[in-house]
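J.: Take a look at the following structure, please.
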Amino acid sequence: MDGKSLTPEQEKIEALKQILPETFTEGKIDWEKLKATLGENINFSNERYVLNWAGKSDAFKVLQTPTTKTLVPAKEESVNFDETENIFIEGENLEVLQKSYFGRVKMIYIDPPYNTGNDSFIYPDKFSETKAEYEKRVGDKDEEGYMTKDGMFRKNSKENGQYHSNWLNMMMPRLYLAKNLLRQDGVIFVSIDDNEMHNLRLLMNEIFGEENFVAQIIWERAFSPKNDAKYYSENHDYILVYSKNIQYFQAGRLERTEEANSRYKNYDNDPRGLWISDNLTVKTYSKKYDYPITTPNGTIINPAHGSCWRVSKEKFEELVSDNRIWFGENGGNVPRLKRFLSEVQEGMVPTTLWKHKDVGHNQEGRQELKKLFDDQGFFDGPKPVKLLKRILEIANVGKNDLILDFFSGSGTTAHAVMDLNKDGGNRKYICVQLPELCDEKSEAYKAGYNTIADIAKERIRRAGKKIQEENPDYQGDLGFKVLKLTDSNFKQWQQIEVKDVKALAEQMKLFVDPVSESATTENMVYELLLKSGKGLTSRIEKKDSLYIINNNELVLMLEKAEQGIIDRVIALKPIKVISLDKLFQGNDQLKTNTVLQMKDAGIEFKTI
């Protein structure tokens with residue numbers, strides 16, 4: 001109740017919505033649908049089977065807009081920074097990873113906002129912007145630069161005229177960029193509920209291809225009904241699974257359980273051991289496979305109408321001779337095929353219904369987090385570790401593979417990867433989380449956690465410590481590098497109209513030295529790693545004033561340039577050298593000679 005009355009126009013629209021709901025799209029009248037519903041002869045413009053929504057074109061433009069952002073290390077917030085191969089990125093920009101991690105990720109898991117009408121959409125459209133840019137763009141800071149209360153969260157309310165469109169605009173560019181990062185045999189798992197399942201499936205069909213759909217999993221996230229539910233108590237969520245290329249993806253098998261094995265018996269004391277009987281008929285009819293069978297007690301049995309046996313008569317006789325057909329204890333039952341436990345595959349084929357007793361439920365996820373935080377529940381709805389371990393298992397993640405989660409939340413994926421590495425594996429993760437502000441009234445904020453990212457980082461630290469304490473012989477990687485999204489260390493050229501000669505002259509003065517005033521040498525090293533396509537866990541060795549990457553794959557000259565230094569660089573025989581151009585200022589001859597010497601040595605040489 002907002003104290004406002006409906007206008008005559010609104011009353012008519014509401015009445016029309018009751019009579020013809022199919023003519024409305026996101027709360028607004030779709031005039032083409034209305035005309036068609038009323039019988040008017042109309043051809044829908046650009047008629048084809050496609051998912052379309054308000055802002056889709058702009059979302060594509062966002063996707064195609066190059067970023068100038070970079071990542072800078074935060075060693076004080078990391079664990080074992082120099083040795084670890086795990087990465088935690090604070091910020092929300094998958095584009096910075098495109099060059100270094102293109103086609104390298106085996107599995108992606110994301111748990112995005114479900115668009116329930118209460119989600120915090122603090123990144124509604126521009127995936128490449130920093131938190132500070134977002135706050136500036138939406139005007140959520142007061143005149144003194146402090147965040148306003150209303151700016152802490154932006155809810156995509158169901159009353160919003162573009163409720164579904166806003167969510168799709170947020171998801172589309174991220175999913176496109178995620179696909180780029182997957183290997184050919186890679187796979188993505190996306191958690192979702194009923195609010196956007198229908199749209200997400202269509203969106204992923206468009207991005208990944210309908211032919212690469214693997215499964216739509218139902219996860220029993222709650223085990224007790226809610227008696228205050230308006231219609232039905234919703235006990236499940238979904239997990240959508242798509243492969244990068246279905247021809248290369250192979251789903252992992254689940255470990256056999258005692259319950260599954262208990263179904264195998266040995267009624268006839270077969271020396272080959274336990275077995276289970278399987279149906280011998282199929283519904284795909286073939287006349288060749290339709291024949292009568294005489295059982296040991298003389299009963300003649302034919303396949304049911306419309307079906308036939310799954311093997312030819314000759315093959316059936318071979319199976320009988322090998323004691324692989326079971327006619328029942330009295331020898332007169334419908335024949336069934338014996339399948340021996342010793343001959344079945346090592347694992348079980350996964351199903352699309354995941355019960356909470358097998359993969360955990362939402363309360364279990366909450367309890368896991370509370371145990372790590374001294375019985376404090378600092379995060380709503382964390383996924384249970386068992387659920388993520390099941391996903392990793394089905395994704396067929398190898399012991400040295402890379403996993404990505406770019407809606408990291410409380411850090412369950414990182415926790416699950418570390419826990420799974422108890423098997424001696426060296427699986428690595430990249431977790432990405434926007435530093436979304438915690439509510440000042442929340443227990444997390446009162447305990448000193450200003451952002452969701454802060455909670456996740458502390459969860460990973462504590463989980464790693466707990467795993468080590470409980471498993472003294474654990475050899476896996478329990479560390480992680482924290483990197484934060486920020487502006488480039490290099491000044492960006494601004495397009496200025498030629499008529500503004502004075503402004504152009506001023507800009508050219510600035511670019512005598514392209515290095516930003518706030519840049520540090522270490523931050524430049526990491527930016528050049530990314531922009532050269534090197535991983536963030538590359539081995540960085542400093543010798544004198546040189547930064548040597550991955551045993552001479554790349555050498556960075558960022559501090560000084562002298563003939564002696566040039567000679568040392570050439571002696572290292574690197575593949576590529578990048579230098580700051582300003583190091584050669586006042587010595588054009590040295591730069592010219594360096595270019596020629598590098599070329600003669602077969603070294604790619606670039607200056608910035």
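Letters for chains follow the order of the structure tokens (A, B, ...), residue numbers begin at 1 for each chain, and ligand numbers begin at 1 in the order shown.
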Would you give me, as an NGL selection string, the residues in region 394-489 of chain A that DSSP reads as helix (DSSP H, G or I)?

T.: :A and (394 or 412-423 or 443-446 or 452-470)

J.: Please give the complete set of residues from region 189-388 of chain A that DSSP, run on the backbone, assigns to strand (DSSP E), formatted as number ranges by chain.

T.: A: 189-192, 213-220, 236-243, 254-255, 275-279, 281-282, 293-294, 300-301, 308-309, 325-326, 336-340, 347-348, 353-354

J.: Would you mind exporting N, CA and C atoms of the selected residues as a compact mmCIF listing (two decimals), in the first residue's frame?

T.:
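Output file part-v1.txt is given in full below:
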```txt
# COMPACT_ATOMS: atom_id res chain seq x y z
N PHE A 189 28.55 -25.63 -14.80
CA PHE A 189 27.40 -25.93 -13.95
C PHE A 189 26.88 -24.61 -13.39
N VAL A 190 25.57 -24.36 -13.53
CA VAL A 190 24.98 -23.11 -13.06
C VAL A 190 23.80 -23.42 -12.14
N SER A 191 23.88 -22.97 -10.89
CA SER A 191 22.76 -23.13 -9.96
C SER A 191 21.72 -22.06 -10.22
N ILE A 192 20.44 -22.43 -10.08
CA ILE A 192 19.35 -21.49 -10.34
C ILE A 192 18.07 -22.04 -9.72
N PHE A 213 23.91 -29.14 -24.49
CA PHE A 213 23.19 -29.36 -23.23
C PHE A 213 23.50 -30.77 -22.71
N VAL A 214 23.84 -30.86 -21.42
CA VAL A 214 24.17 -32.15 -20.81
C VAL A 214 23.06 -32.63 -19.89
N ALA A 215 22.62 -31.76 -18.97
CA ALA A 215 21.61 -32.20 -18.01
C ALA A 215 21.00 -31.01 -17.29
N GLN A 216 19.79 -31.22 -16.78
CA GLN A 216 19.13 -30.28 -15.87
C GLN A 216 18.90 -31.03 -14.57
N ILE A 217 19.72 -30.74 -13.60
CA ILE A 217 19.73 -31.49 -12.34
C ILE A 217 18.77 -30.85 -11.35
N ILE A 218 18.06 -31.68 -10.61
CA ILE A 218 17.21 -31.21 -9.52
C ILE A 218 17.92 -31.55 -8.21
N TRP A 219 18.21 -30.52 -7.44
CA TRP A 219 18.90 -30.71 -6.15
C TRP A 219 17.90 -30.48 -5.01
N GLU A 220 17.77 -31.45 -4.16
CA GLU A 220 16.90 -31.34 -3.00
C GLU A 220 17.62 -30.52 -1.93
N HIS A 236 13.50 -27.65 -3.78
CA HIS A 236 14.57 -27.94 -4.72
C HIS A 236 15.06 -26.69 -5.43
N ASP A 237 16.28 -26.79 -5.92
CA ASP A 237 16.85 -25.86 -6.89
C ASP A 237 17.28 -26.68 -8.10
N TYR A 238 17.76 -25.98 -9.12
CA TYR A 238 18.25 -26.66 -10.31
C TYR A 238 19.74 -26.39 -10.49
N ILE A 239 20.38 -27.28 -11.23
CA ILE A 239 21.75 -27.05 -11.68
C ILE A 239 21.78 -27.39 -13.16
N LEU A 240 22.00 -26.37 -14.00
CA LEU A 240 22.08 -26.58 -15.44
C LEU A 240 23.51 -26.94 -15.83
N VAL A 241 23.66 -27.92 -16.71
CA VAL A 241 24.98 -28.40 -17.11
C VAL A 241 25.11 -28.31 -18.63
N TYR A 242 26.12 -27.58 -19.10
CA TYR A 242 26.42 -27.49 -20.53
C TYR A 242 27.91 -27.75 -20.74
N SER A 243 28.22 -28.47 -21.81
CA SER A 243 29.61 -28.70 -22.18
C SER A 243 30.07 -27.62 -23.16
N LEU A 254 30.25 -41.97 -10.70
CA LEU A 254 30.19 -41.88 -9.24
C LEU A 254 30.71 -43.16 -8.62
N GLU A 255 31.33 -43.02 -7.48
CA GLU A 255 31.84 -44.18 -6.77
C GLU A 255 30.68 -45.09 -6.37
N TRP A 275 25.57 -61.14 -8.87
CA TRP A 275 25.01 -60.64 -10.11
C TRP A 275 23.62 -60.08 -9.87
N ILE A 276 23.15 -59.32 -10.86
CA ILE A 276 21.80 -58.77 -10.83
C ILE A 276 21.19 -59.05 -12.21
N SER A 277 19.88 -59.33 -12.26
CA SER A 277 19.26 -59.65 -13.54
C SER A 277 18.71 -58.38 -14.20
N ASP A 278 18.78 -58.36 -15.54
CA ASP A 278 18.37 -57.19 -16.31
C ASP A 278 17.36 -57.62 -17.37
N ASN A 279 16.47 -56.71 -17.71
CA ASN A 279 15.44 -56.98 -18.72
C ASN A 279 16.08 -57.37 -20.05
N THR A 281 14.25 -57.63 -22.92
CA THR A 281 13.44 -57.12 -24.04
C THR A 281 13.67 -55.63 -24.26
N VAL A 282 13.41 -55.20 -25.50
CA VAL A 282 13.50 -53.78 -25.86
C VAL A 282 12.25 -53.42 -26.67
N ILE A 293 11.04 -68.47 -26.96
CA ILE A 293 12.08 -69.07 -26.12
C ILE A 293 11.45 -70.16 -25.27
N THR A 294 12.05 -71.32 -25.26
CA THR A 294 11.58 -72.42 -24.42
C THR A 294 12.42 -72.44 -23.15
N ILE A 300 6.94 -72.02 -23.02
CA ILE A 300 7.30 -71.24 -24.21
C ILE A 300 6.91 -69.78 -23.98
N ILE A 301 7.91 -68.90 -24.14
CA ILE A 301 7.69 -67.47 -23.87
C ILE A 301 8.05 -66.64 -25.09
N CYS A 308 10.68 -56.84 -28.59
CA CYS A 308 11.42 -58.02 -29.03
C CYS A 308 12.58 -58.24 -28.07
N TRP A 309 13.30 -59.34 -28.26
CA TRP A 309 14.48 -59.59 -27.44
C TRP A 309 15.61 -58.66 -27.86
N ILE A 325 21.91 -66.39 -18.52
CA ILE A 325 20.48 -66.15 -18.56
C ILE A 325 19.83 -66.75 -17.32
N TRP A 326 18.96 -66.00 -16.69
CA TRP A 326 18.27 -66.44 -15.46
C TRP A 326 16.79 -66.62 -15.77
N ARG A 336 15.95 -63.41 -18.16
CA ARG A 336 16.60 -62.13 -17.86
C ARG A 336 18.11 -62.32 -17.95
N LEU A 337 18.78 -61.24 -18.31
CA LEU A 337 20.22 -61.26 -18.51
C LEU A 337 20.95 -61.04 -17.18
N LYS A 338 21.92 -61.90 -16.88
CA LYS A 338 22.72 -61.77 -15.66
C LYS A 338 23.87 -60.79 -15.90
N ARG A 339 23.98 -59.78 -15.01
CA ARG A 339 25.10 -58.84 -15.06
C ARG A 339 25.88 -58.97 -13.76
N PHE A 340 27.16 -59.27 -13.88
CA PHE A 340 27.98 -59.56 -12.71
C PHE A 340 28.63 -58.29 -12.16
N GLY A 347 32.50 -47.18 -11.85
CA GLY A 347 31.61 -46.23 -11.21
C GLY A 347 30.19 -46.32 -11.74
N MET A 348 29.31 -45.53 -11.13
CA MET A 348 27.90 -45.51 -11.52
C MET A 348 27.61 -44.27 -12.36
N LEU A 353 18.57 -36.50 -10.41
CA LEU A 353 17.90 -36.19 -9.15
C LEU A 353 18.91 -36.39 -8.02
N TRP A 354 19.26 -35.30 -7.35
CA TRP A 354 20.27 -35.35 -6.29
C TRP A 354 19.59 -35.16 -4.94
```

J.: With a distance cut-off of 10 Å and only C-alpha atoms, select the neighbouring residues of Ile403 (chain A), excluding the residue or stretch itself and same-chain residues fewer than 4 positions from it, and output the selection as an mmCIF file with C-alpha atoms, in the first residue's frame.

T.:
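Listing of part_4.cif after writing:
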```
data_model
loop_
_atom_site.group_PDB
_atom_site.id
_atom_site.type_symbol
_atom_site.label_atom_id
_atom_site.label_comp_id
_atom_site.auth_asym_id
_atom_site.auth_seq_id
_atom_site.Cartn_x
_atom_site.Cartn_y
_atom_site.Cartn_z
ATOM 1 C CA ASN A 86 45.174 -20.748 -6.399
ATOM 2 C CA ARG A 104 42.415 -23.463 -20.015
ATOM 3 C CA VAL A 105 39.583 -24.063 -17.538
ATOM 4 C CA LYS A 106 38.221 -27.599 -17.134
ATOM 5 C CA MET A 107 35.134 -26.762 -15.065
ATOM 6 C CA ILE A 108 33.181 -23.622 -14.196
ATOM 7 C CA TYR A 109 30.636 -23.494 -11.391
ATOM 8 C CA LEU A 182 36.598 -23.381 -21.006
ATOM 9 C CA GLY A 186 35.232 -28.356 -20.349
ATOM 10 C CA ILE A 188 29.853 -25.400 -16.826
ATOM 11 C CA LEU A 392 33.698 -31.760 -9.474
ATOM 12 C CA VAL A 397 38.011 -32.888 -13.162
ATOM 13 C CA THR A 413 34.123 -23.966 -4.396
ATOM 14 C CA ALA A 414 37.611 -23.190 -3.084
ATOM 15 C CA VAL A 417 38.700 -28.128 -4.260
ATOM 16 C CA ARG A 427 43.556 -29.156 -8.611
ATOM 17 C CA LYS A 428 43.646 -25.369 -8.760
ATOM 18 C CA TYR A 429 40.913 -22.751 -8.487
ATOM 19 C CA ILE A 430 40.207 -19.191 -9.536
ATOM 20 C CA CYS A 431 37.476 -17.606 -7.423
#
```

J.: Any idea what's packed within 6 Å of region 564-575 of chain A, counting only C-alpha atoms, ignoring anything in its chain fewer than 3 positions away? Could you give it as JSON, numbers by chain?

T.: {"A": [552, 553, 554, 603]}

J.: Interatomic distance between CA of Pro112 (chain A) and CA of Phe407 (chain A)?

T.: 5.8 Å

J.: Between A:Leu202, A:Ala251, A:Ala36, A:Leu319, which has the minimum distance to Thr351 (chain A) (counting only C-alpha atoms)?

T.: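 Of the candidates, the smallest distance to Thr351 (chain A) is held by A:Ala251.
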
J.: Near Asn421 (chain A), within 9 Å and counting only C-alpha atoms, which residues show up once chain neighbours fewer than 4 positions away are dropped, as a VMD selection string?

T.: chain A and resid 399 416 to 417 425 to 427 474 to 477

J.: Figure out the distance between CA of Gln376 (chain A) and CA of Glu443 (chain A), please, to one decimal in Å.

T.: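 CA of Gln376 (chain A) lies at a distance of 7.9 Å from CA of Glu443 (chain A).
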
J.: Can you list, as a list in words, every protein, DNA or RNA residue that comes within 12 Å of Leu274 (chain A) when you count only C-alpha atoms, leaving out same-chain residues fewer than 5 positions away?

T.: Asn261, Ser262, Arg263, Tyr264, Lys265, Asn266, Tyr267, Asp268, Asn269, Lys338, Arg339, Phe340, Leu341, Ser342, Glu343 and Val344 of chain A

J.: How would the residues just picked look written out with N, CA, C and O atoms as a compact mmCIF listing (two decimals), in the first residue's frame?

T.:
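File result.txt, as written:
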```
# COMPACT_ATOMS: atom_id res chain seq x y z
N ASN A 261 25.61 -51.83 -4.38
CA ASN A 261 26.18 -53.18 -4.44
C ASN A 261 25.29 -54.21 -3.77
O ASN A 261 25.33 -55.40 -4.12
N SER A 262 24.49 -53.76 -2.78
CA SER A 262 23.65 -54.70 -2.03
C SER A 262 22.56 -55.32 -2.91
O SER A 262 21.96 -56.32 -2.53
N ARG A 263 22.28 -54.71 -4.06
CA ARG A 263 21.26 -55.25 -4.96
C ARG A 263 21.74 -56.50 -5.69
O ARG A 263 20.95 -57.23 -6.28
N TYR A 264 23.02 -56.74 -5.68
CA TYR A 264 23.58 -57.90 -6.37
C TYR A 264 23.53 -59.14 -5.46
O TYR A 264 23.94 -59.09 -4.30
N LYS A 265 23.01 -60.23 -6.00
CA LYS A 265 22.89 -61.50 -5.26
C LYS A 265 23.54 -62.61 -6.09
O LYS A 265 24.05 -62.38 -7.20
N ASN A 266 23.50 -63.83 -5.56
CA ASN A 266 24.01 -64.98 -6.31
C ASN A 266 23.10 -66.17 -6.03
O ASN A 266 23.44 -67.09 -5.28
N TYR A 267 21.91 -66.13 -6.66
CA TYR A 267 20.88 -67.13 -6.38
C TYR A 267 21.29 -68.54 -6.83
O TYR A 267 20.82 -69.53 -6.27
N ASP A 268 22.14 -68.65 -7.83
CA ASP A 268 22.51 -69.98 -8.35
C ASP A 268 23.95 -70.36 -8.05
O ASP A 268 24.50 -71.27 -8.67
N ASN A 269 24.58 -69.64 -7.07
CA ASN A 269 25.96 -69.93 -6.68
C ASN A 269 26.92 -69.92 -7.88
O ASN A 269 27.81 -70.77 -8.00
N LYS A 338 21.92 -61.90 -16.88
CA LYS A 338 22.72 -61.77 -15.66
C LYS A 338 23.87 -60.79 -15.90
O LYS A 338 24.63 -60.93 -16.84
N ARG A 339 23.98 -59.78 -15.01
CA ARG A 339 25.10 -58.84 -15.06
C ARG A 339 25.88 -58.97 -13.76
O ARG A 339 25.34 -58.77 -12.68
N PHE A 340 27.16 -59.27 -13.88
CA PHE A 340 27.98 -59.56 -12.71
C PHE A 340 28.63 -58.29 -12.16
O PHE A 340 29.08 -57.41 -12.90
N LEU A 341 28.65 -58.23 -10.82
CA LEU A 341 29.25 -57.07 -10.15
C LEU A 341 30.71 -56.92 -10.54
O LEU A 341 31.22 -55.81 -10.69
N SER A 342 31.39 -58.03 -10.74
CA SER A 342 32.82 -57.99 -11.08
C SER A 342 33.06 -57.42 -12.48
O SER A 342 34.19 -57.04 -12.80
N GLU A 343 32.00 -57.35 -13.30
CA GLU A 343 32.16 -56.90 -14.68
C GLU A 343 31.58 -55.52 -14.95
O GLU A 343 31.75 -54.99 -16.05
N VAL A 344 30.87 -54.93 -13.98
CA VAL A 344 30.29 -53.62 -14.21
C VAL A 344 31.39 -52.56 -14.18
O VAL A 344 32.49 -52.78 -13.68
```

J.: Excluding region 56-72 of chain A and its own-chain neighbours fewer than 6 positions away, which residues fall within 7 Å of it when counting only C-alpha atoms? Please give them as a PyMOL selection string.

T.: chain A and resi 95-96+126+128+169+173+483-488+523+526-527

J.: In terms of the shortest atom-to-atom distance over only C-alpha atoms, which of A:Asp513, A:Ser78, A:Tyr291, A:Val555 is closest to Asn489 (chain A)?

T.: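 When distances to Asn489 (chain A) are compared using only C-alpha atoms, the smallest one comes from A:Asp513.
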
J.: Nearest to His305 (chain A): which of A:Asp380, A:Glu393, A:Glu26, A:Asp290 is it, counting only C-alpha atoms?

T.: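 Using only C-alpha atoms, His305 (chain A) sits closest to A:Asp290.
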
J.: For the atom pair CA of Asn212 (chain A) and CA of Leu404 (chain A), what is the interatomic distance in Å to one decimal place?

T.: 19.2 Å
